[in-house]
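The file final.cif contains mmCIF, C-alpha atoms:
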data_query
#
loop_
_atom_site.label_atom_id
_atom_site.label_comp_id
_atom_site.auth_asym_id
_atom_site.auth_seq_id
_atom_site.Cartn_x
_atom_site.Cartn_y
_atom_site.Cartn_z
CA MET A 412 18.62 -7.93 -22.99
CA GLN A 413 19.97 -9.02 -19.63
CA ALA A 414 18.07 -7.91 -16.52
CA ASN A 415 21.20 -6.38 -14.98
CA SER A 416 21.63 -4.09 -18.00
CA TYR A 417 18.39 -2.22 -17.25
CA ASN A 418 18.59 1.14 -15.51
CA PHE A 419 15.01 0.95 -14.25
CA THR A 420 12.45 -1.81 -13.77
CA THR A 421 9.00 -2.01 -12.20
CA THR A 422 6.08 -4.45 -12.12
CA THR A 423 2.42 -3.55 -11.73
CA HIS A 424 -0.49 -5.96 -11.35
CA GLY A 425 -3.94 -6.29 -12.80
CA LYS A 426 -7.08 -5.97 -10.71
CA TRP A 427 -10.57 -7.31 -10.30
CA ILE A 428 -13.58 -5.67 -8.69
CA LEU A 429 -15.71 -7.58 -6.22
CA THR A 430 -18.47 -4.99 -6.29
CA GLY A 431 -19.10 -1.27 -6.68
CA GLU A 432 -18.58 -0.77 -10.40
CA HIS A 433 -19.92 2.39 -12.11
CA ALA A 434 -21.59 3.74 -8.95
CA VAL A 435 -18.05 4.49 -7.74
CA LEU A 436 -17.94 7.33 -10.29
CA ARG A 437 -20.76 9.04 -8.37
CA GLY A 438 -19.16 8.71 -4.93
CA SER A 439 -20.23 5.22 -3.87
CA PRO A 440 -17.61 2.78 -2.55
CA ALA A 441 -16.09 -0.21 -4.34
CA ILE A 442 -14.12 -3.27 -3.24
CA ILE A 443 -11.14 -4.04 -5.47
CA PHE A 444 -8.35 -6.62 -5.39
CA PRO A 445 -4.99 -6.88 -7.19
CA ILE A 446 -4.26 -10.04 -9.21
CA ALA A 447 -0.73 -11.28 -8.60
CA SER A 448 -0.81 -13.70 -11.54
CA ARG A 449 -1.57 -10.99 -14.11
CA ALA A 450 1.10 -8.31 -14.40
CA LEU A 451 2.93 -5.81 -16.56
CA THR A 452 6.69 -5.35 -16.23
CA LEU A 453 8.39 -2.24 -17.60
CA ASN A 454 12.17 -2.24 -18.07
CA TYR A 455 14.13 0.78 -19.25
CA GLN A 456 17.61 1.33 -20.59
CA ILE A 457 19.10 4.79 -20.89
CA SER A 458 19.72 5.96 -24.44
CA HIS A 459 19.79 9.37 -26.08
CA THR A 460 17.67 8.28 -29.03
CA SER A 461 13.93 8.87 -29.36
CA PRO A 462 11.83 6.33 -27.44
CA GLN A 463 12.26 2.76 -28.69
CA ILE A 464 9.58 0.34 -27.48
CA GLU A 465 9.77 -3.43 -27.54
CA PHE A 466 7.00 -5.71 -26.33
CA ILE A 467 8.06 -9.20 -25.37
CA ASP A 468 5.76 -12.20 -25.84
CA ASN A 469 2.63 -10.12 -26.38
CA PRO A 470 0.46 -10.53 -29.50
CA GLU A 471 -1.25 -7.18 -28.87
CA ASN A 472 2.01 -5.25 -29.07
CA GLU A 473 0.88 -2.78 -31.74
CA VAL A 474 -2.14 -1.78 -29.67
CA LEU A 475 0.01 -1.49 -26.57
CA LYS A 476 2.69 0.47 -28.41
CA THR A 477 0.17 3.09 -29.50
CA ALA A 478 -1.22 3.27 -25.95
CA PHE A 479 2.27 3.46 -24.42
CA LEU A 480 3.33 6.36 -26.63
CA ALA A 481 0.07 8.21 -25.95
CA VAL A 482 0.55 7.84 -22.18
CA LEU A 483 4.16 9.04 -22.37
CA LYS A 484 3.09 12.08 -24.38
CA ARG A 485 0.23 12.84 -21.98
CA GLY A 486 2.53 12.46 -18.98
CA ALA A 487 5.01 14.91 -20.43
CA ALA A 488 2.21 17.41 -21.08
CA ILE A 489 0.91 17.14 -17.50
CA ILE A 490 4.28 18.13 -16.02
CA ASN A 491 5.08 20.62 -18.79
CA LYS A 492 8.03 18.59 -19.99
CA PRO A 493 8.84 18.70 -23.74
CA ILE A 494 8.22 15.34 -25.37
CA GLU A 495 11.77 15.53 -26.75
CA ALA A 496 13.01 15.05 -23.19
CA ILE A 497 11.71 11.49 -23.26
CA CYS A 498 14.22 9.11 -24.80
CA GLY A 499 15.65 5.65 -24.26
CA ASN A 500 14.69 2.02 -24.74
CA PHE A 501 11.55 0.62 -23.11
CA TYR A 502 10.92 -3.13 -22.82
CA LEU A 503 7.51 -4.39 -21.72
CA THR A 504 6.21 -7.82 -20.78
CA SER A 505 2.53 -8.24 -19.99
CA ASN A 506 -0.04 -11.02 -19.65
CA LEU A 507 -2.86 -8.52 -19.01
CA PRO A 508 -5.56 -8.71 -21.68
CA ILE A 509 -6.84 -5.46 -23.19
CA SER A 510 -10.47 -4.32 -22.88
CA ALA A 511 -11.28 -7.14 -20.50
CA GLY A 512 -11.85 -5.36 -17.18
CA MET A 513 -8.57 -6.47 -15.64
CA GLY A 514 -6.95 -3.04 -15.39
CA ALA A 515 -4.43 -3.19 -18.24
CA SER A 516 -4.59 0.58 -18.78
CA ALA A 517 -4.21 1.28 -15.04
CA ALA A 518 -1.20 -1.04 -14.81
CA LEU A 519 0.40 0.76 -17.75
CA CYS A 520 -0.28 4.21 -16.26
CA VAL A 521 1.13 3.28 -12.84
CA ALA A 522 4.26 1.76 -14.41
CA ILE A 523 4.89 4.87 -16.48
CA GLY A 524 4.18 7.04 -13.45
CA ARG A 525 6.88 5.17 -11.52
CA TRP A 526 9.27 5.77 -14.41
CA PHE A 527 8.54 9.51 -14.18
CA ILE A 528 9.33 9.33 -10.45
CA TRP A 529 12.60 7.54 -11.21
CA GLN A 530 13.44 10.36 -13.62
CA GLN A 531 12.83 12.76 -10.69
CA TRP A 532 10.14 14.53 -12.68
CA LEU A 533 7.46 13.55 -10.18
CA ALA A 534 7.25 13.05 -6.41
CA GLU A 535 6.26 9.65 -5.00
CA SER A 536 3.26 11.27 -3.30
CA GLU A 537 1.97 12.42 -6.69
CA LEU A 538 1.82 8.97 -8.28
CA TYR A 539 -1.85 8.19 -7.63
CA ASN A 540 -3.24 11.46 -9.00
CA PHE A 541 -0.78 11.47 -11.90
CA ALA A 542 -1.65 7.90 -12.94
CA ARG A 543 -5.38 8.60 -12.60
CA GLU A 544 -5.06 11.59 -14.91
CA LEU A 545 -3.15 9.45 -17.38
CA GLU A 546 -5.92 6.84 -17.29
CA ASN A 547 -8.44 9.45 -18.45
CA LEU A 548 -6.97 8.77 -21.89
CA PHE A 549 -8.67 5.37 -21.82
CA HIS A 550 -11.72 5.82 -19.61
CA ALA A 551 -12.67 9.44 -20.36
CA GLU A 552 -13.32 9.75 -16.61
CA SER A 553 -11.22 7.55 -14.35
CA SER A 554 -12.62 6.93 -10.88
CA GLY A 555 -9.14 6.00 -9.69
CA ALA A 556 -10.34 2.60 -8.46
CA ASP A 557 -8.22 0.62 -10.91
CA ILE A 558 -5.19 2.77 -10.11
CA ALA A 559 -5.64 2.15 -6.39
CA ALA A 560 -5.88 -1.62 -6.95
CA CYS A 561 -2.78 -1.71 -9.14
CA MET A 562 -0.85 0.07 -6.38
CA ALA A 563 -2.19 -2.18 -3.59
CA ASN A 564 -0.97 -5.46 -2.10
CA ALA A 565 -4.37 -6.57 -0.78
CA GLY A 566 -8.09 -5.96 -1.17
CA VAL A 567 -9.09 -2.32 -0.80
CA TYR A 568 -12.30 -0.49 0.12
CA PHE A 569 -12.17 2.54 -2.17
CA LYS A 570 -14.09 5.79 -2.51
CA ARG A 571 -13.41 8.46 -5.06
CA ASN A 572 -13.07 11.12 -2.35
CA GLY A 573 -9.83 9.47 -1.26
CA GLU A 574 -11.19 7.24 1.51
CA GLN A 575 -9.46 3.86 1.43
CA HIS A 576 -8.79 0.99 3.81
CA VAL A 577 -7.60 -2.59 3.56
CA ILE A 578 -10.29 -5.28 3.47
CA ASN A 579 -9.96 -7.57 6.49
CA MET A 580 -10.89 -11.13 5.53
CA ASN A 581 -11.77 -13.70 8.18
CA TRP A 582 -12.12 -16.53 5.67
CA GLN A 583 -11.14 -17.33 2.09
CA PRO A 584 -13.91 -17.62 -0.51
CA ILE A 585 -13.57 -20.02 -3.41
CA TRP A 586 -13.85 -17.64 -6.33
CA PHE A 587 -12.59 -17.43 -9.89
CA LEU A 588 -12.46 -15.17 -12.91
CA SER A 589 -13.24 -16.40 -16.41
CA HIS A 590 -13.44 -14.58 -19.72
CA CYS A 591 -16.74 -14.45 -21.59
CA GLN A 592 -15.03 -14.19 -25.01
CA GLN A 593 -16.53 -10.77 -25.67
CA ASN A 594 -14.69 -7.47 -25.25
CA SER A 595 -16.00 -4.01 -24.48
CA THR A 596 -14.60 -0.57 -23.77
CA THR A 597 -14.94 1.10 -20.40
CA ALA A 598 -15.79 4.46 -21.99
CA ASP A 599 -18.75 2.93 -23.90
CA CYS A 600 -20.09 1.22 -20.78
CA VAL A 601 -19.74 4.38 -18.69
CA GLN A 602 -21.65 6.30 -21.34
CA LYS A 603 -24.39 3.68 -21.38
CA VAL A 604 -24.91 4.11 -17.63
CA LYS A 605 -24.85 7.90 -17.96
CA THR A 606 -27.50 7.71 -20.67
CA LEU A 607 -29.73 5.63 -18.39
CA TRP A 608 -29.30 8.26 -15.66
CA GLN A 609 -30.30 11.02 -18.08
CA ARG A 610 -33.39 9.17 -19.26
CA ASN A 611 -34.50 7.82 -15.87
CA PRO A 612 -32.67 9.40 -12.91
CA VAL A 613 -34.95 7.67 -10.39
CA LEU A 614 -33.97 4.26 -11.73
CA GLY A 615 -30.33 5.32 -11.96
CA GLN A 616 -30.30 6.35 -8.33
CA GLN A 617 -31.97 3.13 -7.20
CA ILE A 618 -29.41 1.00 -9.05
CA ASP A 619 -26.55 2.97 -7.49
CA LYS A 620 -28.08 2.46 -4.03
CA ASP A 621 -28.31 -1.28 -4.65
CA MET A 622 -24.69 -1.39 -5.80
CA GLN A 623 -23.66 0.54 -2.71
CA ARG A 624 -25.57 -1.91 -0.51
CA SER A 625 -23.82 -4.82 -2.22
CA VAL A 626 -20.47 -3.30 -1.20
CA TYR A 627 -21.50 -3.10 2.45
CA LEU A 628 -22.89 -6.64 2.37
CA ALA A 629 -19.71 -7.97 0.78
CA GLU A 630 -17.32 -6.31 3.20
CA GLU A 631 -19.30 -7.50 6.21
CA ALA A 632 -19.54 -11.00 4.72
CA LEU A 633 -15.76 -11.29 4.56
CA LYS A 634 -15.54 -10.46 8.28
CA LEU A 635 -18.00 -13.21 9.32
CA GLU A 636 -17.37 -16.90 9.90
CA ALA A 637 -17.14 -18.88 6.69
CA LYS A 638 -20.66 -20.37 6.57
CA ALA A 639 -22.57 -17.18 7.36
CA GLY A 640 -20.11 -15.19 5.29
CA LEU A 641 -20.63 -17.36 2.23
CA ASP A 642 -24.40 -16.89 2.33
CA GLN A 643 -24.08 -13.12 2.68
CA LEU A 644 -21.37 -12.85 0.03
CA LYS A 645 -23.68 -14.69 -2.38
CA GLN A 646 -26.38 -12.09 -1.66
CA ALA A 647 -23.92 -9.27 -2.31
CA ILE A 648 -22.75 -10.69 -5.64
CA ASP A 649 -26.31 -11.44 -6.77
CA LEU A 650 -27.34 -7.87 -5.95
CA ALA A 651 -24.36 -6.43 -7.83
CA CYS A 652 -25.15 -8.63 -10.84
CA SER A 653 -28.73 -7.32 -10.88
CA CYS A 654 -27.30 -3.81 -11.21
CA PHE A 655 -25.38 -4.81 -14.35
CA VAL A 656 -28.55 -6.35 -15.78
CA ARG A 657 -30.56 -3.17 -15.19
CA TRP A 658 -27.77 -1.05 -16.68
CA GLY A 659 -27.97 -3.19 -19.82
CA LEU A 660 -24.37 -4.40 -19.46
CA THR A 661 -24.87 -8.18 -19.68
CA SER A 662 -25.52 -8.51 -23.40
CA GLY A 663 -24.61 -11.34 -25.76
CA LYS A 664 -21.87 -13.67 -24.59
CA VAL A 665 -21.84 -12.12 -21.12
CA ALA A 666 -25.32 -13.46 -20.39
CA GLU A 667 -24.42 -16.82 -21.94
CA HIS A 668 -21.30 -17.06 -19.79
CA LEU A 669 -23.16 -16.16 -16.60
CA ASN A 670 -25.71 -18.88 -17.33
CA GLN A 671 -22.98 -21.41 -18.12
CA LEU A 672 -21.34 -20.82 -14.75
CA ARG A 673 -24.64 -21.03 -12.89
CA ALA A 674 -25.46 -24.30 -14.67
CA ALA A 675 -22.07 -25.68 -13.60
CA GLY A 676 -22.89 -25.00 -9.96
CA ALA A 677 -21.63 -21.48 -9.22
CA LEU A 678 -23.41 -19.97 -6.21
CA ALA A 679 -23.28 -16.43 -7.60
CA VAL A 680 -21.86 -14.69 -10.67
CA LYS A 681 -21.38 -11.15 -11.92
CA PRO A 682 -19.36 -9.18 -14.47
CA THR A 683 -16.26 -7.59 -12.99
CA GLY A 684 -15.17 -4.29 -14.43
CA SER A 685 -17.25 -2.18 -16.76
CA GLY A 686 -19.44 -5.01 -18.07
CA ASP A 687 -20.74 -5.93 -21.54
CA GLY A 688 -17.68 -8.14 -21.97
CA GLY A 689 -14.42 -9.13 -20.37
CA PHE A 690 -14.14 -11.17 -17.18
CA VAL A 691 -16.84 -12.61 -14.96
CA LEU A 692 -16.54 -13.40 -11.25
CA SER A 693 -17.95 -16.68 -9.94
CA LEU A 694 -18.36 -17.81 -6.32
CA TRP A 695 -18.42 -21.54 -5.45
CA GLN A 696 -19.25 -23.82 -2.54
CA GLN A 697 -16.36 -26.06 -3.51
CA LYS A 698 -13.79 -26.24 -6.28
CA PRO A 699 -15.75 -26.32 -9.56
CA PRO A 700 -15.77 -29.32 -11.87
CA ASN A 701 -13.70 -29.40 -15.02
CA LEU A 702 -15.16 -26.78 -17.34
CA SER A 703 -14.40 -26.03 -20.97
CA LEU A 704 -13.03 -22.60 -20.04
CA GLU A 705 -10.03 -21.15 -18.22
CA LEU A 706 -10.64 -20.26 -14.58
CA ILE A 707 -8.29 -17.84 -12.85
CA ASN A 708 -8.07 -18.77 -9.18
CA LEU A 709 -8.40 -15.77 -6.87
CA SER A 710 -8.01 -17.70 -3.59
#
In structure tokens, what does this structure look like?
Amino acid sequence: MQANSYNFTTTTHGKWILTGEHAVLRGSPAIIFPIASRALTLNYQISHTSPQIEFIDNPENEVLKTAFLAVLKRGAAIINKPIEAICGNFYLTSNLPISAGMGASAALCVAIGRWFIWQQWLAESELYNFARELENLFHAESSGADIAACMANAGVYFKRNGEQHVINMNWQPIWFLSHCQQNSTTADCVQKVKTLWQRNPVLGQQIDKDMQRSVYLAEEALKLEAKAGLDQLKQAIDLACSCFVRWGLTSGKVAEHLNQLRAAGALAVKPTGSGDGGFVLSLWQQKPPNLSLELINLS
């Protein structure tokens, strides 16, 4: 299919979270960044047949196809549009891994939301809330943080109440993402944290306060000069990592991966996303040595 034969095309990006995970669901802030190198592109060609979906160069296409159809159906239900109104040929290309904390579901929901806008079924101003409601299919309760990151062009300070502003960075940290070779689901991790809150609300509140403090430390660190900022950013990431440990979201290969990065010289490490699997953030004094794992450069 030639690009000029498409009637609609859009690209959305993945995301990573510097700090603020889970506590953001209870009103605390989070700092999130888009990842330009990880993206999902949706192309569409008008046709009067039932939806035809083709995934290009993606081994997880059956999983994505099921998710794509579910999101389309949910979107139609939200705007009271009969599912029969949705037709045509959809072509998707994505290098976003599934269940890895990189915002694959958010990228999909934003892309489909933009298609609904193109169809004039939705106003541009409704995209964020529409996509967040779509993402509830995957997360049970979407904070909207991933949606905001997928729609952004730079780092964002995010609160669930709608407060957002761009993160002003005075220096560029040397930081990377790497996969721990263990997957998890956001819904399971969210439930694990909720269970801890039910069993020990005092501990739950203290962990949320520490995660909130890590957000403030991190944002201020990025505004400082590089040397002082690096020291404070390390503190912020260490504090956020301790929250994941106390939530019980660093099991198995996650813990092994964190230790591997520390042993290689990383200044600070933490899961990014829901935890218990997926990607890990690492902060470095200088470019890390050759490691037997893929590092995604965030600088």
Extract, using all atoms listed in the file, all DNA, RNA and protein residues at most 12 Å from Ala559 (chain A), discarding same-chain residues fewer than 2 positions from it, and format them as JSON, numbers by chain.
{"A": [423, 424, 425, 426, 427, 428, 441, 442, 443, 444, 445, 514, 517, 518, 520, 521, 538, 539, 540, 541, 542, 543, 546, 553, 554, 555, 556, 557, 561, 562, 563, 564, 565, 566, 567, 568, 569, 570, 571, 573, 574, 575, 576, 577]}
For Ala598 (chain A), which residue among A:His668, A:Phe549, A:Ser516, A:Ile467 is the nearest when counting all atoms listed in the file?
A:Phe549
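Matched in the shown structure by the PyMOL selection byres ((chain A and resi 656) around 12): Val604, Ile618, Met622, Asp649, Leu650, Ala651, Cys652, Ser653, Cys654, Phe655, Arg657, Trp658, Gly659, Leu660, Thr661, Ser662, Gly663, Val665, Ala666, Leu669, Val680, Lys681, Pro682, Gly686 and Asp687 of chain A.
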Given the choices A:Leu709, A:Ile457, A:Val613, A:Ala447, which gets closest to Leu429 (chain A) if the distance is worked out from only C-alpha atoms?
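Looking at the shortest contact to Leu429 (chain A), the residue is A:Leu709.
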Quick one: distance from CA of Asn500 (chain A) to CA of Gln463 (chain A) in Å, one decimal?
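Going from CA of Asn500 (chain A) over to CA of Gln463 (chain A) covers 4.7 Å.
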Enumerate, as number ranges by chain, the residues matched when the PyMOL selection byres ((chain A and resi 533) around 12) is run on the file above.
A: 486-487, 489-492, 523-532, 534-542
Let me see the file: selected residues, C-alpha atoms, as a CSV table (one decimal), in the coordinates of the input.
chain,number,residue,atom,x,y,z
A,486,GLY,CA,2.5,12.5,-19.0
A,487,ALA,CA,5.0,14.9,-20.4
A,489,ILE,CA,0.9,17.1,-17.5
A,490,ILE,CA,4.3,18.1,-16.0
A,491,ASN,CA,5.1,20.6,-18.8
A,492,LYS,CA,8.0,18.6,-20.0
A,523,ILE,CA,4.9,4.9,-16.5
A,524,GLY,CA,4.2,7.0,-13.4
A,525,ARG,CA,6.9,5.2,-11.5
A,526,TRP,CA,9.3,5.8,-14.4
A,527,PHE,CA,8.5,9.5,-14.2
A,528,ILE,CA,9.3,9.3,-10.4
A,529,TRP,CA,12.6,7.5,-11.2
A,530,GLN,CA,13.4,10.4,-13.6
A,531,GLN,CA,12.8,12.8,-10.7
A,532,TRP,CA,10.1,14.5,-12.7
A,534,ALA,CA,7.2,13.0,-6.4
A,535,GLU,CA,6.3,9.6,-5.0
A,536,SER,CA,3.3,11.3,-3.3
A,537,GLU,CA,2.0,12.4,-6.7
A,538,LEU,CA,1.8,9.0,-8.3
A,539,TYR,CA,-1.8,8.2,-7.6
A,540,ASN,CA,-3.2,11.5,-9.0
A,541,PHE,CA,-0.8,11.5,-11.9
A,542,ALA,CA,-1.6,7.9,-12.9
Written-out region 549-647 of chain A (C-alpha atoms) as a compact mmCIF listing (two decimals), in the first residue's frame:
# COMPACT_ATOMS: atom_id res chain seq x y z
CA PHE A 549 -6.53 -2.23 29.57
CA HIS A 550 -5.85 -0.64 32.96
CA ALA A 551 -9.25 -0.97 34.66
CA GLU A 552 -8.62 2.57 35.95
CA SER A 553 -6.51 4.82 33.74
CA SER A 554 -4.89 7.79 35.48
CA GLY A 555 -4.52 9.49 32.10
CA ALA A 556 -0.76 9.87 32.59
CA ASP A 557 0.17 7.61 29.68
CA ILE A 558 -2.38 9.35 27.46
CA ALA A 559 -0.91 12.75 28.32
CA ALA A 560 2.62 11.54 27.51
CA CYS A 561 1.58 10.04 24.18
CA MET A 562 0.04 13.39 23.22
CA ALA A 563 3.06 15.44 24.38
CA ASN A 564 6.23 16.59 22.63
CA ALA A 565 8.29 17.00 25.81
CA GLY A 566 8.44 15.96 29.45
CA VAL A 567 5.26 16.71 31.38
CA TYR A 568 4.40 17.24 35.05
CA PHE A 569 1.01 15.56 35.33
CA LYS A 570 -1.75 15.37 37.92
CA ARG A 571 -4.97 13.49 37.54
CA ASN A 572 -7.02 16.61 38.31
CA GLY A 573 -5.93 18.05 34.98
CA GLU A 574 -2.92 20.08 36.15
CA GLN A 575 -0.09 19.80 33.63
CA HIS A 576 2.99 21.77 32.66
CA VAL A 577 6.10 21.18 30.57
CA ILE A 578 9.23 20.10 32.45
CA ASN A 579 11.97 22.71 32.04
CA MET A 580 15.36 21.01 31.89
CA ASN A 581 18.56 22.97 32.50
CA TRP A 582 20.82 20.00 31.73
CA GLN A 583 20.62 16.62 30.02
CA PRO A 584 20.96 13.50 32.19
CA ILE A 585 22.57 10.38 30.79
CA TRP A 586 19.75 7.89 31.20
CA PHE A 587 18.54 4.75 29.49
CA LEU A 588 15.73 2.23 29.45
CA SER A 589 16.35 -1.51 29.33
CA HIS A 590 13.96 -4.45 29.46
CA CYS A 591 14.17 -6.90 32.35
CA GLN A 592 12.84 -9.81 30.24
CA GLN A 593 9.77 -10.20 32.42
CA ASN A 594 6.31 -8.88 31.56
CA SER A 595 3.45 -7.83 33.80
CA THR A 596 0.01 -6.30 33.44
CA THR A 597 -0.80 -2.84 34.72
CA ALA A 598 -4.16 -4.00 36.13
CA ASP A 599 -2.46 -6.69 38.26
CA CYS A 600 0.11 -4.23 39.61
CA VAL A 601 -2.54 -1.62 40.40
CA GLN A 602 -4.52 -4.26 42.28
CA LYS A 603 -1.43 -5.28 44.24
CA VAL A 604 -0.94 -1.70 45.44
CA LYS A 605 -4.65 -1.38 46.28
CA THR A 606 -4.45 -4.56 48.33
CA LEU A 607 -1.51 -3.15 50.30
CA TRP A 608 -3.55 0.00 50.98
CA GLN A 609 -6.47 -2.09 52.25
CA ARG A 610 -4.27 -4.16 54.55
CA ASN A 611 -2.04 -1.34 55.80
CA PRO A 612 -3.34 2.15 54.92
CA VAL A 613 -0.67 3.84 57.07
CA LEU A 614 2.09 2.19 55.05
CA GLY A 615 0.25 2.88 51.81
CA GLN A 616 0.01 6.56 52.62
CA GLN A 617 3.68 6.77 53.58
CA ILE A 618 4.78 5.16 50.31
CA ASP A 619 2.60 7.57 48.32
CA LYS A 620 4.14 10.52 50.20
CA ASP A 621 7.63 9.26 49.38
CA MET A 622 6.71 8.86 45.72
CA GLN A 623 5.29 12.38 45.71
CA ARG A 624 8.50 13.71 47.27
CA SER A 625 10.54 11.93 44.59
CA VAL A 626 8.57 13.85 41.93
CA TYR A 627 9.37 17.20 43.55
CA LEU A 628 13.03 16.26 43.97
CA ALA A 629 13.28 15.15 40.35
CA GLU A 630 11.68 18.25 38.87
CA GLU A 631 13.87 20.56 40.94
CA ALA A 632 16.95 18.49 40.05
CA LEU A 633 16.37 19.06 36.34
CA LYS A 634 16.31 22.83 36.93
CA LEU A 635 19.68 22.89 38.76
CA GLU A 636 23.18 22.97 37.32
CA ALA A 637 24.35 19.59 36.09
CA LYS A 638 26.51 18.51 39.06
CA ALA A 639 24.05 19.41 41.81
CA GLY A 640 21.19 18.24 39.63
CA LEU A 641 22.74 14.82 39.10
CA ASP A 642 23.12 14.23 42.83
CA GLN A 643 19.53 15.25 43.53
CA LEU A 644 18.14 13.29 40.59
CA LYS A 645 19.89 10.19 41.95
CA GLN A 646 18.14 10.76 45.29
CA ALA A 647 14.79 11.10 43.55
